[in-house]
>>> print(open('protein_12.txt').read())   # compact mmCIF, C-alpha atoms
# COMPACT_ATOMS: atom_id res chain seq x y z
CA MET T 148 1.24 -23.55 -6.54
CA LYS T 149 -1.00 -23.04 -3.55
CA LYS T 150 -2.35 -19.49 -3.37
CA VAL T 151 -5.38 -19.66 -1.07
CA TYR T 152 -4.67 -19.66 2.68
CA ASP T 153 -7.03 -19.94 5.63
CA THR T 154 -5.99 -16.88 7.64
CA ALA T 155 -3.89 -13.73 7.36
CA PHE T 156 -1.43 -15.24 9.84
CA ASP T 157 -1.01 -18.32 7.63
CA ALA T 158 -0.62 -16.23 4.48
CA LEU T 159 2.22 -14.20 6.03
CA ASP T 160 4.05 -17.23 7.41
CA GLY T 161 7.73 -17.10 6.48
CA LEU T 162 7.48 -13.69 4.80
CA LEU T 163 8.02 -11.25 7.67
CA PHE T 164 11.35 -10.06 9.02
CA ASP T 165 12.56 -7.02 10.97
CA GLY T 166 13.63 -4.04 8.88
CA MET T 167 11.67 -5.02 5.78
CA LEU T 168 9.99 -2.71 3.25
CA ILE T 169 6.24 -3.20 2.88
CA ALA T 170 4.05 -1.62 0.18
CA ALA T 171 0.46 -1.28 1.42
CA GLY T 172 -2.52 -0.56 -0.79
CA GLY T 173 -5.54 1.58 -0.02
CA PHE T 174 -6.38 5.24 0.34
CA GLY T 175 -7.31 6.55 3.76
CA LEU T 176 -9.46 3.68 5.05
CA CYS T 177 -10.76 2.71 1.59
CA GLY T 178 -9.45 -0.58 0.27
CA ILE T 179 -6.89 -1.13 3.03
CA PRO T 180 -5.63 -4.65 3.86
CA GLU T 181 -6.90 -4.45 7.44
CA LEU T 182 -6.63 -8.18 8.22
CA LEU T 183 -3.03 -8.42 7.03
CA ILE T 184 -2.07 -5.26 8.92
CA SER T 185 -3.51 -6.75 12.13
CA ALA T 186 -1.57 -9.97 11.52
CA ILE T 187 1.68 -8.01 11.10
CA ARG T 188 0.97 -6.25 14.40
CA ASP T 189 0.36 -9.56 16.14
CA ALA T 190 3.57 -11.00 14.64
CA GLY T 191 5.56 -8.19 16.28
CA THR T 192 7.71 -7.51 13.23
CA LYS T 193 9.56 -4.23 13.84
CA ASP T 194 11.72 -1.52 12.24
CA LEU T 195 9.40 -1.54 9.24
CA THR T 196 9.51 0.86 6.32
CA VAL T 197 6.01 1.19 4.89
CA ALA T 198 5.20 2.72 1.50
CA SER T 199 1.57 3.79 1.57
CA ASN T 200 -0.43 6.87 0.63
CA ASN T 201 -1.04 7.51 4.35
CA ALA T 202 -1.23 5.63 7.63
CA GLY T 203 -4.96 5.32 8.22
CA VAL T 204 -6.24 6.67 11.53
CA ASP T 205 -5.01 6.32 15.09
CA ASP T 206 -6.72 3.05 15.93
CA PHE T 207 -7.29 1.44 12.54
CA GLY T 208 -5.33 0.51 9.45
CA LEU T 209 -1.61 1.23 9.47
CA GLY T 210 -2.21 3.44 12.49
CA ILE T 211 -2.16 0.36 14.72
CA LEU T 212 1.43 -0.36 13.65
CA LEU T 213 2.40 3.18 14.62
CA GLU T 214 0.79 2.72 18.03
CA THR T 215 2.93 -0.36 18.68
CA ARG T 216 6.08 1.42 17.39
CA GLN T 217 6.66 -1.25 14.74
CA VAL T 218 7.16 1.30 11.94
CA LYS T 219 10.52 3.03 11.61
CA LYS T 220 9.82 4.97 8.40
CA MET T 221 6.81 5.95 6.31
CA MET T 222 6.98 6.69 2.58
CA SER T 223 3.75 8.65 2.13
CA SER T 224 2.08 11.57 0.43
CA TYR T 225 -0.35 12.51 3.20
CA VAL T 226 -0.19 12.43 6.99
CA GLY T 227 -3.99 12.48 7.00
CA GLU T 228 -6.20 12.21 10.05
CA ASN T 229 -3.67 10.27 12.09
CA ALA T 230 -2.64 12.32 15.12
CA GLU T 231 -0.12 9.72 16.28
CA PHE T 232 1.54 9.76 12.85
CA MET T 233 1.92 13.52 13.13
CA ARG T 234 3.12 13.36 16.73
CA GLN T 235 5.80 10.75 16.04
CA TYR T 236 7.04 12.63 12.98
CA LEU T 237 7.23 16.04 14.68
CA SER T 238 8.96 14.55 17.73
CA GLY T 239 11.58 12.81 15.58
CA GLU T 240 10.45 9.30 16.51
CA LEU T 241 9.42 8.43 12.95
CA GLU T 242 11.23 8.95 9.66
CA LEU T 243 9.05 10.31 6.88
CA GLU T 244 9.81 10.42 3.17
CA PHE T 245 7.17 12.67 1.61
CA ASN T 246 6.16 11.86 -1.97
CA PRO T 247 3.74 13.68 -4.25
CA GLN T 248 0.77 11.35 -4.61
CA GLY T 249 1.21 10.64 -8.32
CA THR T 250 4.94 10.17 -7.85
CA LEU T 251 4.39 7.58 -5.12
CA ALA T 252 1.94 5.63 -7.28
CA GLU T 253 4.33 5.76 -10.23
CA ARG T 254 7.28 4.68 -8.10
CA MET T 255 5.29 1.58 -7.13
CA ARG T 256 4.18 0.93 -10.71
CA ALA T 257 7.74 1.39 -11.95
CA GLY T 258 9.03 -1.14 -9.46
CA GLY T 259 6.43 -3.63 -10.62
CA ALA T 260 7.49 -3.06 -14.23
CA GLY T 261 11.16 -3.53 -13.42
CA ILE T 262 11.99 0.15 -13.99
CA ALA T 263 14.75 1.34 -11.67
CA GLY T 264 13.92 5.03 -11.99
CA PHE T 265 12.16 7.72 -14.01
CA TYR T 266 12.24 11.48 -14.49
CA THR T 267 9.34 13.72 -13.50
CA LYS T 268 8.71 17.47 -13.34
CA THR T 269 6.69 17.06 -10.15
CA GLY T 270 8.55 18.50 -7.18
CA VAL T 271 11.15 20.48 -9.13
CA GLY T 272 12.14 23.57 -7.16
CA THR T 273 10.75 22.22 -3.87
CA GLN T 274 12.13 20.26 -0.91
CA ILE T 275 11.08 17.09 -2.76
CA ALA T 276 13.89 17.72 -5.27
CA GLU T 277 16.68 18.18 -2.71
CA GLY T 278 19.49 15.68 -3.18
CA LYS T 279 17.97 14.20 -6.34
CA GLU T 280 19.50 14.14 -9.79
CA HIS T 281 18.23 16.90 -12.10
CA LYS T 282 18.15 16.62 -15.87
CA ASP T 283 16.83 18.87 -18.63
CA PHE T 284 14.65 17.57 -21.46
CA ASP T 285 13.49 19.96 -24.18
CA GLY T 286 14.21 22.96 -21.99
CA GLU T 287 12.35 21.63 -18.95
CA THR T 288 13.94 20.41 -15.72
CA TYR T 289 13.05 17.00 -14.32
CA ILE T 290 14.14 15.08 -11.21
CA LEU T 291 15.01 11.41 -10.95
CA GLU T 292 12.71 9.29 -8.81
CA ARG T 293 13.54 5.68 -7.94
CA GLY T 294 11.16 2.78 -8.43
CA ILE T 295 9.97 1.05 -5.26
CA PHE T 296 10.89 -2.62 -4.93
CA ALA T 297 9.18 -3.84 -1.76
CA ASP T 298 9.97 -7.02 0.14
CA LEU T 299 6.23 -7.54 0.61
CA ALA T 300 3.06 -6.04 -0.83
CA ILE T 301 -0.24 -6.26 1.07
CA VAL T 302 -3.45 -5.28 -0.74
CA LYS T 303 -7.24 -5.54 -0.44
CA ALA T 304 -9.55 -6.46 -3.32
CA TRP T 305 -13.26 -7.07 -3.69
CA LYS T 306 -13.15 -10.38 -5.52
CA ALA T 307 -10.58 -12.93 -6.66
CA ASP T 308 -10.49 -16.28 -8.36
CA GLU T 309 -8.41 -19.18 -7.11
CA THR T 310 -5.45 -18.20 -9.31
CA GLY T 311 -5.22 -14.72 -7.75
CA ASN T 312 -6.80 -12.59 -10.46
CA LEU T 313 -8.19 -9.55 -8.63
CA VAL T 314 -11.16 -7.24 -9.09
CA PHE T 315 -11.25 -3.99 -7.09
CA ARG T 316 -14.42 -2.11 -6.27
CA LYS T 317 -14.69 1.56 -7.25
CA THR T 318 -12.18 3.83 -5.46
CA ALA T 319 -10.45 0.87 -3.80
CA ARG T 320 -8.78 0.59 -7.20
CA ASN T 321 -6.33 3.36 -6.38
CA PHE T 322 -3.00 2.44 -4.82
CA ASN T 323 -3.79 -1.27 -4.63
CA PRO T 324 -2.72 -2.37 -8.16
CA PRO T 325 0.63 -0.52 -8.17
CA ALA T 326 1.35 -1.59 -4.57
CA ALA T 327 0.67 -5.21 -5.49
CA MET T 328 2.93 -4.99 -8.54
CA CYS T 329 5.99 -3.68 -6.70
CA GLY T 330 6.19 -6.42 -4.07
CA ARG T 331 8.61 -9.30 -4.50
CA VAL T 332 5.82 -11.24 -2.79
CA CYS T 333 2.20 -10.02 -2.82
CA VAL T 334 -0.46 -11.15 -0.34
CA ALA T 335 -4.03 -10.10 -1.06
CA GLU T 336 -7.13 -10.23 1.11
CA VAL T 337 -10.53 -10.28 -0.55
CA GLU T 338 -14.21 -10.42 0.28
CA GLU T 339 -14.97 -13.31 -2.05
CA ILE T 340 -13.00 -16.04 -3.83
CA VAL T 341 -14.70 -17.58 -6.86
CA PRO T 342 -13.73 -20.68 -8.86
CA ARG T 343 -11.18 -20.46 -11.63
CA GLY T 344 -12.72 -19.21 -14.87
CA GLU T 345 -15.70 -17.46 -13.28
CA LEU T 346 -14.28 -13.96 -13.68
CA ASP T 347 -14.71 -12.29 -17.05
CA GLY T 348 -11.25 -11.47 -18.36
CA ASP T 349 -12.34 -7.92 -19.16
CA GLU T 350 -13.25 -7.20 -15.53
CA ILE T 351 -9.92 -8.29 -14.04
CA HIS T 352 -7.95 -5.29 -12.77
CA LEU T 353 -4.79 -7.14 -11.67
CA PRO T 354 -3.60 -10.43 -13.19
CA GLY T 355 -2.94 -13.28 -10.80
CA VAL T 356 0.71 -13.43 -11.87
CA TYR T 357 1.34 -10.59 -9.40
CA VAL T 358 -0.45 -12.31 -6.49
CA HIS T 359 1.34 -15.05 -4.59
CA ARG T 360 -0.96 -15.64 -1.60
CA LEU T 361 -4.63 -15.00 -1.00
CA ILE T 362 -7.12 -14.99 1.86
CA GLN T 363 -10.84 -14.39 2.16
CA GLY T 364 -12.18 -12.60 5.22
CA ASP T 365 -14.73 -10.34 6.84
CA HIS T 366 -13.94 -6.64 6.77
CA GLU T 367 -15.05 -3.75 8.95
CA LYS T 368 -14.95 -1.15 6.13
CA ARG T 369 -14.81 1.72 8.58
CA ILE T 370 -15.67 5.22 7.33
CA GLU T 371 -12.80 7.64 7.96
CA LYS T 372 -14.84 10.83 8.19
CA ARG T 373 -18.61 10.46 8.35
CA THR T 374 -20.51 13.46 7.00
CA THR T 375 -24.26 13.72 7.49
CA ARG T 376 -26.93 16.36 7.13
CA ALA T 377 -30.06 17.12 9.07
CA ALA T 378 -33.24 15.45 7.78
>>> encode(input="protein_12.txt", output="structure tokens")
Amino acid sequence: MKKVYDTAFDALDGLLFDGMLIAAGGFGLCGIPELLISAIRDAGTKDLTVASNNAGVDDFGLGILLETRQVKKMMSSYVGENAEFMRQYLSGELELEFNPQGTLAERMRAGGAGIAGFYTKTGVGTQIAEGKEHKDFDGETYILERGIFADLAIVKAWKADETGNLVFRKTARNFNPPAAMCGRVCVAEVEEIVPRGELDGDEIHLPGVYVHRLIQGDHEKRIEKRTTRAA
């Protein structure tokens, strides 16, 4: 099966439709699938629900899909540095399902493992628990969280081989593996594609069985908040 495509546009061909649920990897601007996000913007796909830790910044990452009003709902744990995200949410233009960060990651991982739901203590007694099933185990109360089963997962890795095995670099290995796992189809963008067999099996972070399409590209790697000190 062909996995390597020439461009982000080619890799998304036939996968996008209005109203779909997309799981997006990355944390802030670290390890975000910036090329695939731009291709989704250019495709004009709308009424999207996006499961992602946050929405980048105003003019980069998922923030560009908010600017074009292509996102209907965010499933996130952090509004972050995105003023437009905050404005749309507070004005009622954007639906927001807040998730504790670990819960969101586990919901993605659970979806990838075929687990429909799980119980967690996180969020008990808060607004997070409202409307959710409660159950006691050993004298402690837990709430039921549902696994995320996305129509499409988009992720960014450092290196891949031609079969889709992925290696992430440092903190980019955060939400990317669970996001990739929970997509019915996963498209990954990477900095380098190496021949089959070149990657050491012990350094592979995500097996290629989860990755259906793959592109190599140049990335901006923008810094979200640059902090410097005087010489």
>>> closest_atom_pairs(input="protein_12.txt", of="region 205-308 of chain T", to="region 344-361 of chain T", cutoff="12 Å", atoms="all atoms listed in the file", output="JSON lines")
{"residue": "T:Arg256", "atom": "CA", "partner": "T:Tyr357", "partner_atom": "CA", "distance": 11.9}
{"residue": "T:Gly259", "atom": "CA", "partner": "T:Tyr357", "partner_atom": "CA", "distance": 8.7}
{"residue": "T:Ala260", "atom": "CA", "partner": "T:Tyr357", "partner_atom": "CA", "distance": 10.9}
{"residue": "T:Leu299", "atom": "CA", "partner": "T:His359", "partner_atom": "CA", "distance": 10.4}
{"residue": "T:Ala300", "atom": "CA", "partner": "T:Val358", "partner_atom": "CA", "distance": 9.1}
{"residue": "T:Ile301", "atom": "CA", "partner": "T:Val358", "partner_atom": "CA", "distance": 9.7}
{"residue": "T:Val302", "atom": "CA", "partner": "T:Val358", "partner_atom": "CA", "distance": 9.6}
{"residue": "T:Lys303", "atom": "CA", "partner": "T:Leu361", "partner_atom": "CA", "distance": 9.8}
{"residue": "T:Ala304", "atom": "CA", "partner": "T:Leu353", "partner_atom": "CA", "distance": 9.6}
{"residue": "T:Trp305", "atom": "CA", "partner": "T:His352", "partner_atom": "CA", "distance": 10.7}
{"residue": "T:Lys306", "atom": "CA", "partner": "T:Leu346", "partner_atom": "CA", "distance": 9.0}
{"residue": "T:Ala307", "atom": "CA", "partner": "T:Leu346", "partner_atom": "CA", "distance": 8.0}
{"residue": "T:Asp308", "atom": "CA", "partner": "T:Leu346", "partner_atom": "CA", "distance": 6.9}
>>> closest_residue(input="protein_12.txt", among="T:Asn201, T:Thr154, T:Thr375, T:Thr267", to="Val226 (chain T)", atoms="all atoms listed in the file")
T:Asn201
>>> closest_residue(input="protein_12.txt", among="T:Gly294, T:Gly364, T:Gly191, T:Gly249", to="Asp165 (chain T)", atoms="all atoms listed in the file")
T:Gly191
>>> residues_around(input="protein_12.txt", residues="Ala198 (chain T)", least_positions_apart="4", cutoff="8 Å", atoms="all atoms listed in the file", output="list in words")
Leu168, Ile169, Ala170, Ala171, Met221, Met222 and Ser223 of chain T
>>> residues_around(input="protein_12.txt", residues="Leu209 (chain T)", least_positions_apart="6", cutoff="12 Å", atoms="only C-alpha atoms", output="PyMOL selection string")
chain T and resi 169-176+179-188+195-203+215-218+221+223+226-229+231-232+301
>>> closest_residue(input="protein_12.txt", among="T:Gly261, T:Asn323, T:Asn246, T:Lys268", to="Gly286 (chain T)", atoms="only C-alpha atoms")
T:Lys268
>>> residues_around(input="protein_12.txt", residues="Asp298 (chain T)", least_positions_apart="5", cutoff="9 Å", atoms="all atoms listed in the file", output="mmCIF file with C-alpha atoms, keeping the file's coordinate frame")
data_model
loop_
_atom_site.group_PDB
_atom_site.id
_atom_site.type_symbol
_atom_site.label_atom_id
_atom_site.label_comp_id
_atom_site.auth_asym_id
_atom_site.auth_seq_id
_atom_site.Cartn_x
_atom_site.Cartn_y
_atom_site.Cartn_z
ATOM 1 C CA LEU T 162 7.480 -13.690 4.800
ATOM 2 C CA LEU T 163 8.020 -11.250 7.670
ATOM 3 C CA MET T 167 11.670 -5.020 5.780
ATOM 4 C CA LEU T 168 9.990 -2.710 3.250
ATOM 5 C CA ILE T 169 6.240 -3.200 2.880
ATOM 6 C CA ALA T 170 4.050 -1.620 0.180
ATOM 7 C CA CYS T 329 5.990 -3.680 -6.700
ATOM 8 C CA GLY T 330 6.190 -6.420 -4.070
ATOM 9 C CA ARG T 331 8.610 -9.300 -4.500
ATOM 10 C CA VAL T 332 5.820 -11.240 -2.790
ATOM 11 C CA CYS T 333 2.200 -10.020 -2.820
#
>>> atom_distance(input="protein_12.txt", atom1="CA of Lys282 (chain T)", atom2="CA of Asn321 (chain T)")
29.4 Å
>>> residues_around(input="protein_12.txt", residues="Tyr152 (chain T)", least_positions_apart="5", cutoff="12 Å", atoms="all atoms listed in the file", output="list in words")
Asp157, Ala158, Leu159, Asp160, Glu309, Gly311, Val334, Ala335, Glu336, Val337, Ile340, His359, Arg360, Leu361, Ile362, Gln363 and Gly364 of chain T
>>> closest_residue(input="protein_12.txt", among="T:Met233, T:Ala190, T:Val151, T:Ala297", to="Leu212 (chain T)", atoms="all atoms listed in the file")
T:Ala190
>>> closest_residue(input="protein_12.txt", among="T:Tyr236, T:Phe265, T:Phe315, T:Tyr225", to="Ile295 (chain T)", atoms="all atoms listed in the file")
T:Phe265
>>> atom_distance(input="protein_12.txt", atom1="CA of Ile370 (chain T)", atom2="CA of Leu243 (chain T)")
25.2 Å
>>> atom_distance(input="protein_12.txt", atom1="CA of Thr192 (chain T)", atom2="CA of Arg369 (chain T)")
24.8 Å
>>> decode(input="protein_12.txt", residues="region 292-303 of chain T", atoms="all heavy atoms", output="CSV table (one decimal), in the first residue's frame")
chain,number,residue,atom,x,y,z
T,292,GLU,N,-15.2,8.7,31.3
T,292,GLU,CA,-14.7,9.5,30.1
T,292,GLU,C,-14.7,8.6,28.9
T,292,GLU,O,-14.3,7.4,29.0
T,292,GLU,CB,-13.3,10.1,30.3
T,292,GLU,CG,-13.2,11.1,31.5
T,292,GLU,CD,-13.7,12.5,31.1
T,292,GLU,OE1,-14.2,12.6,29.9
T,292,GLU,OE2,-13.7,13.4,31.9
T,293,ARG,N,-15.2,9.2,27.8
T,293,ARG,CA,-15.3,8.4,26.5
T,293,ARG,C,-14.0,8.5,25.7
T,293,ARG,O,-13.3,9.5,25.7
T,293,ARG,CB,-16.4,8.9,25.7
T,293,ARG,CG,-17.8,8.8,26.3
T,293,ARG,CD,-18.2,7.3,26.5
T,293,ARG,NE,-18.2,6.6,25.2
T,293,ARG,CZ,-19.3,6.6,24.4
T,293,ARG,NH1,-20.4,7.2,24.7
T,293,ARG,NH2,-19.2,6.0,23.3
T,294,GLY,N,-13.6,7.3,25.1
T,294,GLY,CA,-12.5,7.4,24.2
T,294,GLY,C,-12.8,8.2,23.0
T,294,GLY,O,-14.0,8.4,22.6
T,295,ILE,N,-11.8,8.8,22.4
T,295,ILE,CA,-11.9,9.6,21.2
T,295,ILE,C,-11.6,8.8,20.0
T,295,ILE,O,-10.5,8.2,19.8
T,295,ILE,CB,-11.0,10.8,21.2
T,295,ILE,CG1,-11.5,11.8,22.3
T,295,ILE,CG2,-11.0,11.5,19.9
T,295,ILE,CD1,-10.5,13.0,22.5
T,296,PHE,N,-12.6,8.7,19.0
T,296,PHE,CA,-12.4,8.0,17.8
T,296,PHE,C,-12.5,9.0,16.7
T,296,PHE,O,-13.6,9.4,16.3
T,296,PHE,CB,-13.5,6.9,17.6
T,296,PHE,CG,-13.4,5.8,18.7
T,296,PHE,CD1,-13.9,6.0,19.9
T,296,PHE,CD2,-12.7,4.6,18.4
T,296,PHE,CE1,-13.8,5.0,20.9
T,296,PHE,CE2,-12.6,3.6,19.4
T,296,PHE,CZ,-13.1,3.8,20.6
T,297,ALA,N,-11.4,9.5,16.2
T,297,ALA,CA,-11.4,10.6,15.2
T,297,ALA,C,-11.5,10.1,13.8
T,297,ALA,O,-11.1,9.0,13.5
T,297,ALA,CB,-10.1,11.4,15.4
T,298,ASP,N,-12.2,10.9,12.9
T,298,ASP,CA,-12.2,10.6,11.5
T,298,ASP,C,-10.9,10.6,10.9
T,298,ASP,O,-10.5,9.9,10.0
T,298,ASP,CB,-13.2,11.5,10.8
T,298,ASP,CG,-14.6,11.4,11.3
T,298,ASP,OD1,-15.2,10.3,11.3
T,298,ASP,OD2,-15.1,12.5,11.8
T,299,LEU,N,-10.0,11.6,11.4
T,299,LEU,CA,-8.7,11.8,10.8
T,299,LEU,C,-7.8,12.2,11.9
T,299,LEU,O,-8.1,13.0,12.8
T,299,LEU,CB,-8.8,12.9,9.8
T,299,LEU,CG,-7.4,13.4,9.2
T,299,LEU,CD1,-6.8,12.3,8.4
T,299,LEU,CD2,-7.7,14.7,8.3
T,300,ALA,N,-6.6,11.7,11.9
T,300,ALA,CA,-5.5,12.2,12.8
T,300,ALA,C,-4.4,12.8,12.0
T,300,ALA,O,-4.0,12.3,10.9
T,300,ALA,CB,-4.9,11.0,13.6
T,301,ILE,N,-3.9,14.0,12.4
T,301,ILE,CA,-2.8,14.6,11.7
T,301,ILE,C,-1.7,14.8,12.8
T,301,ILE,O,-1.9,15.4,13.8
T,301,ILE,CB,-3.2,15.9,11.1
T,301,ILE,CG1,-3.9,16.9,12.0
T,301,ILE,CG2,-4.1,15.7,9.8
T,301,ILE,CD1,-4.2,18.3,11.5
T,302,VAL,N,-0.5,14.4,12.5
T,302,VAL,CA,0.6,14.5,13.4
T,302,VAL,C,1.9,14.9,12.7
T,302,VAL,O,2.0,14.9,11.5
T,302,VAL,CB,0.8,13.1,14.1
T,302,VAL,CG1,-0.4,12.7,14.9
T,302,VAL,CG2,1.2,12.0,13.1
T,303,LYS,N,2.9,15.3,13.5
T,303,LYS,CA,4.2,15.7,13.0
T,303,LYS,C,5.3,14.9,13.8
T,303,LYS,O,5.3,14.8,15.0
T,303,LYS,CB,4.4,17.2,13.3
T,303,LYS,CG,5.8,17.7,13.4
T,303,LYS,CD,6.5,17.8,12.0
T,303,LYS,CE,7.7,18.6,12.0
T,303,LYS,NZ,8.8,18.2,13.0
